[in-house]
Structure formats: C-alpha cells, structure tokens
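The next block is protein.txt, given as compact mmCIF, C-alpha atoms.
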```txt
# COMPACT_ATOMS: atom_id res chain seq x y z
CA MET A 34 3.23 -40.60 1.54
CA VAL A 35 2.18 -40.92 -2.10
CA TYR A 36 -1.34 -41.76 -0.94
CA PHE A 37 -1.67 -38.50 1.07
CA ASP A 38 -0.25 -36.50 -1.82
CA ARG A 39 -2.95 -37.87 -4.14
CA ILE A 40 -5.65 -37.07 -1.60
CA ARG A 41 -4.34 -33.50 -1.26
CA LYS A 42 -4.28 -33.04 -5.04
CA THR A 43 -7.79 -34.50 -5.38
CA LEU A 44 -9.14 -32.20 -2.66
CA CYS A 45 -7.47 -29.19 -4.28
CA MET A 46 -9.02 -30.08 -7.65
CA MET A 47 -12.46 -30.53 -6.05
CA PHE A 48 -12.15 -27.14 -4.34
CA LEU A 49 -11.11 -25.49 -7.63
CA VAL A 50 -14.04 -27.03 -9.54
CA PHE A 51 -16.45 -25.97 -6.75
CA PHE A 52 -15.04 -22.40 -6.79
CA ILE A 53 -15.32 -22.08 -10.59
CA GLN A 54 -18.83 -23.55 -10.63
CA ASN A 55 -20.08 -21.17 -7.93
CA SER A 56 -18.41 -18.17 -9.54
CA SER A 57 -20.03 -18.73 -12.92
CA ALA A 58 -23.46 -19.44 -11.41
CA GLN A 59 -23.66 -15.90 -10.03
CA ASN A 60 -24.42 -14.24 -13.36
CA GLU A 61 -27.46 -16.06 -14.67
CA VAL A 62 -29.86 -13.79 -16.59
CA SER A 63 -33.36 -13.10 -15.15
CA LYS A 64 -32.25 -14.16 -11.68
CA LEU A 65 -33.24 -12.37 -8.51
CA SER A 66 -30.97 -12.31 -5.49
CA ILE A 67 -31.09 -10.85 -2.01
CA GLU A 68 -27.94 -9.67 -0.26
CA PRO A 69 -27.81 -8.89 3.47
CA GLN A 70 -24.77 -6.74 4.19
CA ILE A 71 -22.90 -5.08 7.03
CA GLY A 72 -20.05 -2.58 7.08
CA PHE A 73 -18.95 0.93 7.88
CA ASN A 74 -18.79 4.47 6.46
CA VAL A 75 -16.01 7.03 6.60
CA SER A 76 -18.02 10.24 6.26
CA ASN A 77 -17.59 13.98 6.33
CA LEU A 78 -19.68 17.08 5.70
CA THR A 79 -18.45 19.05 2.70
CA LYS A 80 -17.63 22.75 3.26
CA ALA A 81 -17.90 22.32 7.06
CA GLY A 82 -14.15 22.27 7.82
CA LEU A 83 -14.61 19.24 10.09
CA ASN A 84 -12.89 15.86 10.36
CA SER A 85 -14.12 12.54 9.01
CA LYS A 86 -15.81 10.06 11.30
CA ILE A 87 -16.52 6.34 11.12
CA GLY A 88 -20.10 5.07 11.34
CA PHE A 89 -21.93 1.76 11.13
CA CYS A 90 -24.00 0.69 8.12
CA GLY A 91 -26.03 -2.42 7.41
CA GLY A 92 -29.01 -3.52 5.40
CA VAL A 93 -30.17 -5.54 2.45
CA ASN A 94 -30.02 -5.23 -1.36
CA LEU A 95 -32.24 -6.85 -3.95
CA GLU A 96 -30.59 -7.43 -7.36
CA TYR A 97 -32.21 -8.43 -10.65
CA LYS A 98 -29.98 -9.65 -13.48
CA ILE A 99 -31.30 -8.09 -16.73
CA THR A 100 -28.61 -9.32 -19.14
CA LYS A 101 -25.28 -11.09 -18.60
CA PRO A 102 -23.36 -7.83 -18.02
CA LEU A 103 -26.20 -5.67 -16.58
CA SER A 104 -28.30 -5.77 -13.43
CA MET A 105 -30.35 -3.36 -11.34
CA SER A 106 -30.40 -3.27 -7.57
CA ILE A 107 -32.40 -1.50 -4.89
CA GLY A 108 -31.70 -1.62 -1.18
CA THR A 109 -32.48 -0.43 2.31
CA ILE A 110 -29.44 0.50 4.39
CA TYR A 111 -29.24 1.88 7.93
CA SER A 112 -26.35 4.35 7.90
CA VAL A 113 -24.68 6.56 10.53
CA GLU A 114 -23.00 9.49 8.76
CA GLY A 115 -21.74 12.99 9.64
CA ALA A 116 -18.47 14.50 10.88
CA LYS A 117 -16.56 15.34 14.05
CA ASP A 118 -14.40 18.07 15.56
CA GLY A 119 -12.36 16.72 18.47
CA GLN A 120 -14.89 15.16 20.88
CA ALA A 121 -17.85 16.96 19.29
CA LYS A 122 -19.78 14.88 16.76
CA LEU A 123 -22.55 15.33 14.25
CA SER A 124 -24.04 11.91 13.49
CA PRO A 125 -27.20 12.16 11.42
CA THR A 126 -28.59 8.67 10.92
CA TYR A 127 -30.46 7.58 7.80
CA ILE A 128 -32.41 4.82 6.20
CA ASN A 129 -30.92 4.99 2.70
CA ILE A 130 -32.61 3.58 -0.40
CA PRO A 131 -30.04 3.20 -3.19
CA LEU A 132 -31.11 2.42 -6.77
CA ARG A 133 -28.13 1.30 -8.85
CA ALA A 134 -27.21 -0.02 -12.27
CA ASN A 135 -24.49 -2.69 -12.06
CA LEU A 136 -22.22 -3.41 -15.01
CA TYR A 137 -20.37 -6.74 -14.71
CA VAL A 138 -16.98 -6.36 -16.41
CA THR A 139 -16.19 -9.98 -15.46
CA ASP A 140 -18.34 -12.69 -13.88
CA ASN A 141 -17.22 -11.54 -10.43
CA LEU A 142 -16.40 -7.82 -10.79
CA SER A 143 -19.02 -5.11 -11.26
CA LEU A 144 -19.00 -1.33 -11.49
CA ASN A 145 -22.10 0.43 -10.22
CA ALA A 146 -23.66 3.87 -10.07
CA GLY A 147 -27.05 5.29 -9.26
CA VAL A 148 -29.08 7.58 -7.03
CA GLN A 149 -29.92 7.31 -3.36
CA LEU A 150 -32.68 8.71 -1.19
CA GLY A 151 -31.78 9.15 2.48
CA MET A 152 -34.54 9.45 5.10
CA ASN A 153 -33.29 10.99 8.33
CA VAL A 154 -34.27 8.91 11.38
CA ALA A 155 -32.07 10.65 14.00
CA ASP A 156 -30.25 13.99 14.28
CA ASN A 157 -27.60 12.93 16.80
CA ARG A 158 -25.30 15.65 18.13
CA GLU A 159 -22.69 15.35 20.85
CA ASP A 160 -21.31 18.64 22.24
CA PHE A 161 -22.09 20.40 18.96
CA LEU A 162 -23.91 23.72 18.65
CA LEU A 163 -25.49 24.01 15.22
CA PHE A 164 -28.38 26.36 14.49
CA GLY A 165 -30.69 24.40 12.24
CA ASP A 166 -32.32 21.02 12.11
CA ALA A 167 -31.28 18.10 9.95
CA LYS A 168 -33.41 17.87 6.83
CA SER A 169 -35.81 14.94 6.68
CA THR A 170 -34.49 13.70 3.30
CA THR A 171 -31.26 13.90 1.35
CA PHE A 172 -30.17 12.75 -2.09
CA SER A 173 -26.79 11.40 -3.09
CA MET A 174 -25.08 9.62 -5.97
CA PRO A 175 -23.32 6.33 -5.10
CA ILE A 176 -20.49 5.17 -7.38
CA GLY A 177 -18.77 1.91 -6.58
CA ILE A 178 -17.23 -1.42 -7.32
CA SER A 179 -18.22 -4.91 -6.12
CA TYR A 180 -16.39 -8.19 -6.15
CA ASN A 181 -18.09 -11.59 -5.72
CA ILE A 182 -16.19 -14.42 -4.05
CA ASN A 183 -18.50 -17.43 -4.22
CA LYS A 184 -21.61 -16.03 -2.50
CA PHE A 185 -19.78 -13.33 -0.54
CA VAL A 186 -19.76 -9.81 -1.97
CA VAL A 187 -17.30 -7.04 -1.07
CA ASN A 188 -18.71 -3.60 -1.94
CA VAL A 189 -16.77 -0.32 -1.94
CA SER A 190 -18.61 2.84 -2.92
CA TYR A 191 -18.29 6.60 -2.65
CA ASN A 192 -21.48 8.56 -2.06
CA ILE A 193 -21.48 12.13 -3.31
CA GLY A 194 -23.97 14.28 -1.41
CA LEU A 195 -26.27 16.26 -3.71
CA THR A 196 -28.48 18.06 -1.15
CA ASN A 197 -27.79 19.91 2.10
CA VAL A 198 -28.01 17.94 5.34
CA TYR A 199 -28.95 20.86 7.64
CA ASP A 200 -31.21 23.87 7.29
CA ASN A 201 -29.24 27.14 6.98
CA TYR A 202 -25.94 25.37 6.11
CA ASP A 203 -24.38 24.32 2.81
CA TYR A 204 -23.13 21.00 4.25
CA LYS A 205 -23.53 17.81 2.23
CA ASN A 206 -22.80 14.26 3.42
CA SER A 207 -20.12 12.54 1.35
CA TYR A 208 -18.70 9.22 2.42
CA LEU A 209 -16.78 6.10 1.54
CA GLN A 210 -18.71 2.92 2.34
CA LEU A 211 -17.27 -0.60 2.71
CA THR A 212 -19.61 -3.56 3.18
CA LEU A 213 -19.48 -7.33 3.16
CA GLY A 214 -22.59 -9.10 1.92
CA TYR A 215 -23.85 -12.62 1.31
CA LYS A 216 -25.76 -13.17 -1.97
CA ILE A 217 -28.73 -15.54 -1.83
CA HIS A 218 -30.36 -16.45 -5.15
CA ILE A 219 -34.14 -16.60 -4.98
```
Conversion result in structure tokens:
Amino acid sequence: MVYFDRIRKTLCMMFLVFFIQNSSAQNEVSKLSIEPQIGFNVSNLTKAGLNSKIGFCGGVNLEYKITKPLSMSIGTIYSVEGAKDGQAKLSPTYINIPLRANLYVTDNLSLNAGVQLGMNVADNREDFLLFGDAKSTTFSMPIGISYNINKFVVNVSYNIGLTNVYDNYDYKNSYLQLTLGYKIHI
C-alpha cells in the first residue's frame, strides 16, 4: 500500500510541475502563436424588439506577444448572428476580422478589446419579411476576457455593434461569444 501511495504522490507532483511549466511558457515575449477556435454566439439586433438567438462561430486567431503583459491578435472568424421572433429568424452570417489588444493581468488571464470588421457572406431569413438588404460590411467593438489552461484557451467576449446591419433599419448586431481554442506556438 505504501508503494502505491508513493507512486500516486510522485505522479501528482509530476503533473503539477508539468502544469506550472506549460502555464509559464505561454507568455514569452516576441512569440507568435496560432489559435484555432470553435464556439457559439448569443446574438440580438438592438432596437428591433426581437429575441436572442444562438449561432455557431469558429475560426483562427494569430497572436503576437509584444511585452510580458501585452499582445496583439488578429483573426478570421465565421459567425452566424442575428435574432428571432418565434419561428421567424434573421441570421446574417459573417466572416469577422477582429483586431485586439490583449493585456495579461496574470500569466493565464487576459483582458482584451479592439475593433472588428464583419463581411456579410449570407443574408439568411426564415419566415421574416424585412424591407432592405443586409449591408455588406459591419463594424463592432469586441471586449472580452480569456483564460489559458495549458494550451487550451477559453474566450468570452461581448461585441457591441457600431454600424447598422440592414439598409433602412437602425438595427445593430450585439452578441456574447464563447469559444474554446487551442494555442500553438510557432
């Protein structure tokens, strides 16, 4: 029994050392990393009086560590946004390009904010009569928080729509986005 107890303690110590080593290696200055990610949005159109809807998002971010607490990232994210009213849905779909500044308050926790260009790739409507086409581009301001667990990254952000989504309507996309990524240092 004592033998198995020592093995368990040794394995726990090895795991702890591995975890600490990987956590501290994430914040090396002048390092470039790529982060594929997948998740979902909870979106709504402001001033539309509609209900929130859930949509898929996924893409990749590229992050460059400028100093120990500061990095910049740019990404490409496929994102289904919009709103719903009962069975009727507005689901404009975008290729979003976020540019963010990331401030690491600890080795694993960062706060981020920036600007985002959204390029409309589909104006999906189900049982929804809306006079006006979706605009080809939108701008928003993402504000968020990220937490690194070894090479996995949990991102939570809120995107504040800055431009109208549809012609003739003062509707802006605003949404909460939750993603899980995997950071690969290049």
Counting only C-alpha atoms, what is within 8 Å of Ile178 of chain A, bar same-chain residues fewer than 2 positions away, as a PyMOL selection string? chain A and resi 142-145+176+180+188-190
Go ahead and write the selection's residues with C-alpha atoms as a tab-separated table (two decimals), in the coordinates of the input.
```
chain	number	residue	atom	x	y	z
A	142	LEU	CA	-16.40	-7.82	-10.79
A	143	SER	CA	-19.02	-5.11	-11.26
A	144	LEU	CA	-19.00	-1.33	-11.49
A	145	ASN	CA	-22.10	0.43	-10.22
A	176	ILE	CA	-20.49	5.17	-7.38
A	180	TYR	CA	-16.39	-8.19	-6.15
A	188	ASN	CA	-18.71	-3.60	-1.94
A	189	VAL	CA	-16.77	-0.32	-1.94
A	190	SER	CA	-18.61	2.84	-2.92
```
Using only C-alpha atoms, can you tell me which of A:Leu209, A:Met152, A:Tyr215, A:Gly194 comes closest to Asn181 of chain A?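 Nearest candidate to Asn181 of chain A out of A:Leu209, A:Met152, A:Tyr215, A:Gly194: A:Tyr215.
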Can you build me a table of segment 97-203 of chain A residues sitting at most 8 Å from segment 62-79 of chain A, with the closest atom pair per residue and its distance in Å to one decimal, using all atoms listed in the file, sorted by chain and residue number, as JSON lines?
```
{"residue": "A:Tyr97", "atom": "CA", "partner": "A:Leu65", "partner_atom": "CA", "distance": 4.6}
{"residue": "A:Lys98", "atom": "CA", "partner": "A:Ser63", "partner_atom": "CA", "distance": 5.1}
{"residue": "A:Ile99", "atom": "CA", "partner": "A:Ser63", "partner_atom": "CA", "distance": 5.6}
{"residue": "A:Thr100", "atom": "CA", "partner": "A:Val62", "partner_atom": "CA", "distance": 5.3}
{"residue": "A:Lys101", "atom": "CA", "partner": "A:Val62", "partner_atom": "CA", "distance": 5.7}
{"residue": "A:Ser112", "atom": "CA", "partner": "A:Asn74", "partner_atom": "CA", "distance": 7.7}
{"residue": "A:Val113", "atom": "CA", "partner": "A:Asn74", "partner_atom": "CA", "distance": 7.5}
{"residue": "A:Glu114", "atom": "CA", "partner": "A:Ser76", "partner_atom": "CA", "distance": 5.6}
{"residue": "A:Gly115", "atom": "CA", "partner": "A:Asn77", "partner_atom": "CA", "distance": 5.4}
{"residue": "A:Ala116", "atom": "CA", "partner": "A:Asn77", "partner_atom": "CA", "distance": 4.7}
{"residue": "A:Lys117", "atom": "CA", "partner": "A:Asn77", "partner_atom": "CA", "distance": 7.9}
{"residue": "A:Asp203", "atom": "CA", "partner": "A:Thr79", "partner_atom": "CA", "distance": 7.9}
```
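Interatomic distance, atom CA of Ile182 of chain A to atom CA of Asn141 of chain A: 7.1 Å.
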Report, in Å with one decimal, the straight-line distance from atom CA of Cys90 of chain A to atom CA of Thr139 of chain A. 27.0 Å
Show me, as JSON, the centre and edge lengths in Å to one decimal of the axis-aligned box that covers every listed atom of segment 64-77 of chain A with 5 Å on each side.
```
{"center_x": -24.6, "center_y": -0.1, "center_z": -1.9, "size_x": 27.2, "size_y": 38.1, "size_z": 29.6}
```
Spatial neighbours of Pro131 of chain A, max dist 7 Å, only C-alpha atoms, sep filter under 5 positions, as a ChimeraX atom specification: /A:107-108,148-150
Please write the residues from the selection above to a file, keeping C-alpha atoms, as a compact mmCIF listing (two decimals), in the coordinates of the input.
```txt
# COMPACT_ATOMS: atom_id res chain seq x y z
CA ILE A 107 -32.40 -1.50 -4.89
CA GLY A 108 -31.70 -1.62 -1.18
CA VAL A 148 -29.08 7.58 -7.03
CA GLN A 149 -29.92 7.31 -3.36
CA LEU A 150 -32.68 8.71 -1.19
```
Closest of A:Ile87, A:Leu213, A:Ile128, A:Leu123 to Arg158 of chain A - atom-to-atom distances counting all atoms listed in the file: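 Of A:Ile87, A:Leu213, A:Ile128, A:Leu123, the one nearest Arg158 of chain A is A:Leu123, counting all atoms listed in the file.
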